[in-house]
Amino acid sequence: MKEWFKRVILLAALVAIGYWSWTVFFPSPEKVIRTRLEALAKEGSFTSKEGVLAKAWNATLLADYFTLDVRVTISLPGTEHSIDGRDELMQRAVGVRSVLPSLKIDFPDIKVVVAPDKESAVVNLTARGKTPEQKEFYLQELRLRMIKIKRTWLINEIVTVRTLSLNRIAGQESCLCLATRERLRV
């Protein structure tokens, strides 16, 4: 009886270790995408302590998260900004880093829907940013289309999700709009 019990415990331990190893070495696409987006937010954030060359270099590191033909369309009340291609996106990132003293970015809620072929995904998230002189966070809901290229998930498209906050009365603007119109003319 004791020998049988030891074998069951040993088998259960081996199954648990095998399951844990599988999830560590072969994570789900959703987990990989979330981890990648968290790393993007970390790379996109910067402090005032960075030097000019460090800011430029760190902005170019963002290229690893996007496809060559990335398309970004951000709609704000009264204006729409479009970026075509990774090179233009990197130029804008360098421009933002030269205008703002620091920026903290994070994605508090990430919802990932992976296609059945597991080669593409649609991600809905809220981007939250804060600069030192602002009391409130900038909030923007975004939809990202990501594709898998050689085991790496890259962002192919970013589009603003139209919400009630974007349908305000004329003359009122969201906090994100204030930063992009007045300060981020790149």
# chains A, B, ... in the order shown; residues from 1 in each chain; ligands from 1
$ residues_around --residues "Arg162 in chain A" --least-positions-apart "5" --cutoff "12 Å" --atoms "only C-alpha atoms" --output "MDAnalysis selection string"
chainID A and resid 73:77 124 140:143 167:168
$ residues_around --residues "Phe66 in chain A" --least-positions-apart "2" --cutoff "9 Å" --atoms "only C-alpha atoms" --output "MDAnalysis selection string"
chainID A and resid 62:64 68:70 85:86 146 153:157
$ atom_distance --atom1 "CA of Leu40 in chain A" --atom2 "CA of Val52 in chain A"
20.2 Å
$ residues_around --residues "Thr131 in chain A" --least-positions-apart "5" --cutoff "9 Å" --atoms "only C-alpha atoms" --output "list in words"
Leu100, Pro101, Ser102, Leu103, Lys104, Glu136, Phe137 and Tyr138 of chain A
$ write_last_selection --atoms "N, CA and C atoms" --output "PDB file, in the first residue's frame"
ATOM      1  N   LEU A 100       9.489  66.368 -24.730  1.00  0.00           N
ATOM      2  CA  LEU A 100       9.060  66.116 -23.354  1.00  0.00           C
ATOM      3  C   LEU A 100      10.257  65.807 -22.458  1.00  0.00           C
ATOM      4  N   PRO A 101      10.243  66.292 -21.223  1.00  0.00           N
ATOM      5  CA  PRO A 101      11.342  65.963 -20.313  1.00  0.00           C
ATOM      6  C   PRO A 101      11.321  64.495 -19.880  1.00  0.00           C
ATOM      7  N   SER A 102      10.131  63.959 -19.660  1.00  0.00           N
ATOM      8  CA  SER A 102      10.002  62.544 -19.315  1.00  0.00           C
ATOM      9  C   SER A 102       8.576  62.101 -19.621  1.00  0.00           C
ATOM     10  N   LEU A 103       8.406  60.804 -19.712  1.00  0.00           N
ATOM     11  CA  LEU A 103       7.101  60.231 -20.029  1.00  0.00           C
ATOM     12  C   LEU A 103       7.035  58.835 -19.434  1.00  0.00           C
ATOM     13  N   LYS A 104       5.952  58.543 -18.760  1.00  0.00           N
ATOM     14  CA  LYS A 104       5.711  57.213 -18.191  1.00  0.00           C
ATOM     15  C   LYS A 104       4.522  56.624 -18.920  1.00  0.00           C
ATOM     16  N   GLU A 136      -3.027  64.805 -14.327  1.00  0.00           N
ATOM     17  CA  GLU A 136      -3.859  63.686 -14.766  1.00  0.00           C
ATOM     18  C   GLU A 136      -3.113  62.824 -15.783  1.00  0.00           C
ATOM     19  N   PHE A 137      -3.503  61.564 -15.838  1.00  0.00           N
ATOM     20  CA  PHE A 137      -2.967  60.666 -16.852  1.00  0.00           C
ATOM     21  C   PHE A 137      -3.620  60.962 -18.187  1.00  0.00           C
ATOM     22  N   TYR A 138      -2.891  60.723 -19.270  1.00  0.00           N
ATOM     23  CA  TYR A 138      -3.467  60.705 -20.604  1.00  0.00           C
ATOM     24  C   TYR A 138      -3.982  59.291 -20.803  1.00  0.00           C
TER      25      TYR A 138
END
$ closest_atom_pairs --of "range 77-168 of chain A" --to "range 35-38 of chain A" --cutoff "12 Å" --atoms "only C-alpha atoms" --output "tab-separated table"
residue	atom	partner	partner_atom	distance
A:Ile105	CA	A:Glu38	CA	9.4
A:Asp106	CA	A:Glu38	CA	7.1
A:Phe107	CA	A:Glu38	CA	7.1
A:Pro108	CA	A:Glu38	CA	9.4
A:Asp109	CA	A:Glu38	CA	10.7
A:Ile110	CA	A:Leu37	CA	8.6
A:Lys111	CA	A:Leu37	CA	11.2
A:Val112	CA	A:Leu37	CA	10.8
A:Val123	CA	A:Leu37	CA	9.8
A:Asn124	CA	A:Leu37	CA	11.4
A:Leu125	CA	A:Leu37	CA	9.9
A:Thr126	CA	A:Leu37	CA	11.5
A:Ala127	CA	A:Leu37	CA	10.6
A:Leu144	CA	A:Leu37	CA	10.4
A:Met146	CA	A:Leu37	CA	10.6
A:Lys148	CA	A:Arg36	CA	11.9
A:Thr152	CA	A:Arg36	CA	9.1
A:Trp153	CA	A:Arg36	CA	7.6
A:Leu154	CA	A:Arg36	CA	8.8
A:Ile155	CA	A:Leu37	CA	9.4
$ atom_distance --atom1 "CA of Arg34 in chain A" --atom2 "CA of Ile17 in chain A"
24.0 Å
$ select_by_dssp --residues "chain A" --states "alpha helix (DSSP H)" --output "JSON, numbers by chain"
{"A": [2, 3, 4, 5, 6, 7, 8, 9, 10, 11, 12, 13, 14, 15, 16, 17, 18, 19, 20, 21, 22, 23, 24, 25, 29, 30, 31, 32, 33, 34, 35, 36, 37, 38, 39, 40, 41, 42, 43, 44, 52, 53, 54, 55, 56, 57, 58, 59, 60, 61, 86, 87, 88, 89, 90, 91, 92, 93, 94, 95, 96, 97, 98, 99, 175, 176, 177, 178, 179, 180, 181, 182, 183]}
$ closest_residue --among "A:Val114, A:Val72, A:Ala121, A:Leu14" --to "Met90 in chain A" --atoms "only C-alpha atoms"
A:Val72
$ atom_distance --atom1 "CA of Ala93 in chain A" --atom2 "CA of Ala56 in chain A"
8.5 Å
$ select_by_dssp --residues "chain A" --states "strand (DSSP E)" --output "MDAnalysis selection string"
chainID A and resid 66:76 79:84 104:106 110:114 120:130 138:149 152:160
$ residues_around --residues "Arg151 in chain A" --least-positions-apart "3" --cutoff "12 Å" --atoms "only C-alpha atoms" --output "ChimeraX atom specification"
/A:26-27,29,32-33,118-120,147-148,154
$ write_last_selection --atoms "N, CA, C and O atoms" --output "tab-separated table (two decimals), in the first residue's frame"
chain	number	residue	atom	x	y	z
A	26	PHE	N	7.05	27.00	-23.39
A	26	PHE	CA	6.13	27.20	-24.51
A	26	PHE	C	4.90	27.97	-24.03
A	26	PHE	O	3.81	27.42	-23.94
A	27	PRO	N	5.06	29.28	-23.73
A	27	PRO	CA	3.92	30.05	-23.22
A	27	PRO	C	2.87	30.26	-24.31
A	27	PRO	O	3.17	30.19	-25.51
A	29	PRO	N	0.30	32.22	-26.82
A	29	PRO	CA	0.48	33.47	-27.57
A	29	PRO	C	-0.02	34.70	-26.81
A	29	PRO	O	0.59	35.76	-26.89
A	32	VAL	N	2.68	35.73	-24.39
A	32	VAL	CA	3.82	36.31	-25.11
A	32	VAL	C	3.50	37.74	-25.55
A	32	VAL	O	4.32	38.64	-25.41
A	33	ILE	N	2.29	37.95	-26.06
A	33	ILE	CA	1.89	39.28	-26.52
A	33	ILE	C	1.82	40.25	-25.35
A	33	ILE	O	2.30	41.39	-25.44
A	118	LYS	N	-3.09	31.24	-35.17
A	118	LYS	CA	-2.07	31.65	-34.20
A	118	LYS	C	-0.90	32.41	-34.85
A	118	LYS	O	0.21	32.39	-34.35
A	119	GLU	N	-1.19	33.08	-35.96
A	119	GLU	CA	-0.18	33.88	-36.66
A	119	GLU	C	-0.51	35.37	-36.61
A	119	GLU	O	0.29	36.19	-37.04
A	120	SER	N	-1.69	35.72	-36.13
A	120	SER	CA	-2.08	37.13	-35.99
A	120	SER	C	-2.98	37.27	-34.77
A	120	SER	O	-3.55	36.29	-34.29
A	147	ILE	N	1.12	40.71	-35.83
A	147	ILE	CA	1.37	39.51	-36.63
A	147	ILE	C	2.65	38.84	-36.12
A	147	ILE	O	3.53	39.49	-35.57
A	148	LYS	N	2.70	37.55	-36.33
A	148	LYS	CA	3.84	36.77	-35.87
A	148	LYS	C	4.79	36.56	-37.04
A	148	LYS	O	4.42	36.01	-38.07
A	154	LEU	N	4.90	41.24	-33.80
A	154	LEU	CA	5.16	42.63	-34.15
A	154	LEU	C	3.85	43.36	-34.39
A	154	LEU	O	2.88	42.79	-34.91
